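Remarks on the structure that follows.
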Amino acid sequence: MRISVAVITYNWPAALERVLRALAAQSELPHEVIVTDDGSREETRQLLERLAVDYPTRLVHLWQNDDGARMSRARNRAIAAAQGDYVILLDGDMVAERHFVADHRRFARRGCFVQGSRVLTDAALTARMLDGSQGMPGFFSRGIERRRHTLHLPWLARWYARPGTRRRGIKSCNMAFWRDDLLRLNGFNEAMTGWGREDTELAVRAFHAGLLRRDLRFSALAVHLHHATRKHVVGNPNDRIVDDTRARRLLRCERGVDQHLAEFVGPPADLRPAG
């Protein structure tokens with residue numbers, strides 16, 4: 001099975017560099033890393049060209065115009081472009097532990113999607129990680145929350161990964177699907193723009209389609225770099241879309257990944273130098 005890692009980013013090249021270097025140092029490399037860019041400035045493109053010179057696996061950059069927060073569209077373009085059978089969704093501020101990809105492979109199961117976890121960092125620890133003076137934090141590191149998520153215990157992870165339909169805690173910062181399941185669901189709902197809930201809406205449709213959720217704890221570890229958040233938007237219109245999806249028991253969204261499949265009939269360019 002080929003694994004594609006789809007990393008969404010927007011105007012934070014310092015964090016993206018840390019994320020991409022962590023993916024390049026995996027114990028098992030993915031087939032490709034797709035950076036799907038929601039309209040970043042020139043610095044992000046320059047970073048990717050620099051990293052591509054000696055990147056150890058296929059590296060792709062998909063860019064779209066900056067027209068507000070269009071995370072659903074950016075992720076759908078990555079899904080459409082993916083050459084892998086299995087797609088790991090990762091945010092551009094999530095630094096993966098070295099067994100991250102191998103762990104996701106181990107817990108991939110047909111009929112299921114996987115919900116991973118994350119360690120939260122404070123501003124001081126994030127600054128140290130970005131300047132290179134701090135590696136991956138451990139259980140006793142200062143400046144972290146949810147420190148249990150620093151523990152790599154695959155034997156315990158199997159207990160948590162029993163398939164189910166738990167609705168809470170859906171977050172696409174560390175999430176994985178079989179690509180053909182994403183195509184069946186038509187990917188993320190592009191009617192949802194601005195902050196949040198597009199991942200919850202996708203998971204609701206996945207449950208309607210009969211997919212089960214596997215929670216990945218103590219494996220596929222990743223550290224979330226600190227930044228200001230727009231969480232808890234009052235009167236978020238995306239909440240109404242989630243409610244409608246639940247009420248009508250929808251399996252597919254109208255505006256989804258199928259809009260982008262024709263663009264990627266052929267694989268997008270690998271940024272690495274030929275030969």
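Following the order of the structure tokens, first chain is A, next is B, and so on, with residues numbered from 1 inside each chain and ligands from 1 in the order they appear.
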- Query: Hey, what does DSSP flag as strand (DSSP E or B) within range 102-221 of chain A? Can you give it to me as a ChimeraX atom specification?
  - Reply: /A:112-115,119-121,144-145,164,174-178,212-215
- Item | Contacts of Ala222 in chain A at 7 Å (only C-alpha atoms; same-chain gap of 3+ positions) as a VMD selection string | chain A and resid 94 to 97 118 to 119
Only C-alpha atoms, please: the residues just picked out, written as a PDB file, in the first residue's frame.
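Result file is again_4.pdb:
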ATOM      1  CA  MET A  94       2.182  19.207  13.340  1.00  0.00           C
ATOM      2  CA  VAL A  95       5.668  17.746  13.799  1.00  0.00           C
ATOM      3  CA  ALA A  96       5.609  13.963  13.461  1.00  0.00           C
ATOM      4  CA  GLU A  97       7.564  11.529  15.629  1.00  0.00           C
ATOM      5  CA  ARG A 118      -1.411  15.434  19.346  1.00  0.00           C
ATOM      6  CA  VAL A 119       0.750  17.004  22.027  1.00  0.00           C
TER       7      VAL A 119
END
- Message: Neighbouring residues of range 186-190 of chain A were defined as those with any atom within 12 Å, considering only C-alpha atoms; residues of the same chain fewer than 2 positions away were excluded. Please report them as an MDAnalysis selection string.
- Response: chainID A and resid 69:80 87 89 172 177:184 192:194 196:206 209 238 241:242 245 250:261
Create the file for the chosen residues now, containing C-alpha atoms and written as a compact mmCIF listing (two decimals), in the first residue's frame.
# COMPACT_ATOMS: atom_id res chain seq x y z
CA ALA A 69 -9.75 30.19 4.57
CA ARG A 70 -10.54 27.43 2.07
CA MET A 71 -9.17 24.41 3.90
CA SER A 72 -11.73 22.02 2.42
CA ARG A 73 -10.76 22.95 -1.12
CA ALA A 74 -7.04 22.72 -0.37
CA ARG A 75 -7.38 19.27 1.19
CA ASN A 76 -9.60 18.07 -1.66
CA ARG A 77 -6.98 19.06 -4.21
CA ALA A 78 -4.42 16.99 -2.30
CA ILE A 79 -6.79 14.01 -2.21
CA ALA A 80 -7.41 14.35 -5.96
CA VAL A 87 -3.99 9.38 2.68
CA LEU A 89 -4.02 14.29 6.62
CA SER A 172 -8.11 16.60 10.70
CA PHE A 177 -8.48 7.51 5.24
CA TRP A 178 -8.27 5.07 2.38
CA ARG A 179 -8.30 7.26 -0.70
CA ASP A 180 -11.13 5.35 -2.35
CA ASP A 181 -13.29 5.97 0.74
CA LEU A 182 -12.59 9.69 0.45
CA LEU A 183 -13.62 9.59 -3.22
CA ARG A 184 -16.81 7.72 -2.30
CA MET A 192 -17.60 25.11 4.45
CA THR A 193 -15.10 27.97 4.59
CA GLY A 194 -13.56 29.86 7.48
CA GLY A 196 -13.47 24.62 11.56
CA ARG A 197 -16.02 21.83 11.50
CA GLU A 198 -15.23 20.57 8.00
CA ASP A 199 -13.49 17.57 9.57
CA THR A 200 -16.50 16.79 11.78
CA GLU A 201 -18.84 17.01 8.78
CA LEU A 202 -16.65 14.59 6.82
CA ALA A 203 -16.62 12.14 9.75
CA VAL A 204 -20.42 12.32 10.05
CA ARG A 205 -20.77 11.33 6.38
CA ALA A 206 -18.20 8.57 6.88
CA ALA A 209 -21.55 5.39 4.84
CA ASN A 238 -20.38 25.67 9.41
CA ILE A 241 -23.99 22.52 7.61
CA VAL A 242 -22.96 19.80 10.07
CA THR A 245 -25.64 16.62 7.13
CA LEU A 250 -25.88 12.55 3.79
CA LEU A 251 -23.07 10.37 2.48
CA ARG A 252 -21.70 12.74 -0.16
CA CYS A 253 -21.34 16.50 -0.31
CA GLU A 254 -22.29 18.37 -3.46
CA ARG A 255 -19.11 20.46 -3.73
CA GLY A 256 -16.23 18.12 -3.09
CA VAL A 257 -13.17 16.39 -4.43
CA ASP A 258 -14.82 15.39 -7.71
CA GLN A 259 -14.39 19.00 -8.91
CA HIS A 260 -10.61 18.51 -8.97
CA LEU A 261 -10.13 15.02 -10.36
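For range 184-222 of chain A, the set of residues given alpha helix (DSSP H) by DSSP on the backbone reads Arg184, Leu185, Glu198, Asp199, Thr200, Glu201, Leu202, Ala203, Val204, Arg205, Ala206, Phe207 and His208 of chain A.
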Take the residues just selected and output them with C-alpha atoms as a CSV table (one decimal), in the first residue's frame.
chain,number,residue,atom,x,y,z
A,184,ARG,CA,-16.8,7.7,-2.3
A,185,LEU,CA,-17.7,10.4,0.3
A,198,GLU,CA,-15.2,20.6,8.0
A,199,ASP,CA,-13.5,17.6,9.6
A,200,THR,CA,-16.5,16.8,11.8
A,201,GLU,CA,-18.8,17.0,8.8
A,202,LEU,CA,-16.7,14.6,6.8
A,203,ALA,CA,-16.6,12.1,9.7
A,204,VAL,CA,-20.4,12.3,10.1
A,205,ARG,CA,-20.8,11.3,6.4
A,206,ALA,CA,-18.2,8.6,6.9
A,207,PHE,CA,-20.3,7.1,9.7
A,208,HIS,CA,-23.4,7.4,7.5
- When distances are computed from only C-alpha atoms, which of A:Thr126, A:Thr9, A:Thr57, A:Thr44 shows the smallest separation from Leu29 in chain A? A:Thr57
- Message: Under the rule that only C-alpha atoms are counted, which of A:Met136, A:Val101, A:Leu120, A:Ile8 is the nearest residue to His61 in chain A?
- Response: A:Ile8
- If you count only C-alpha atoms, which residues fall within 9 Å of Thr165 in chain A, apart from same-chain ones fewer than 5 positions away, as a count of residues only? 5
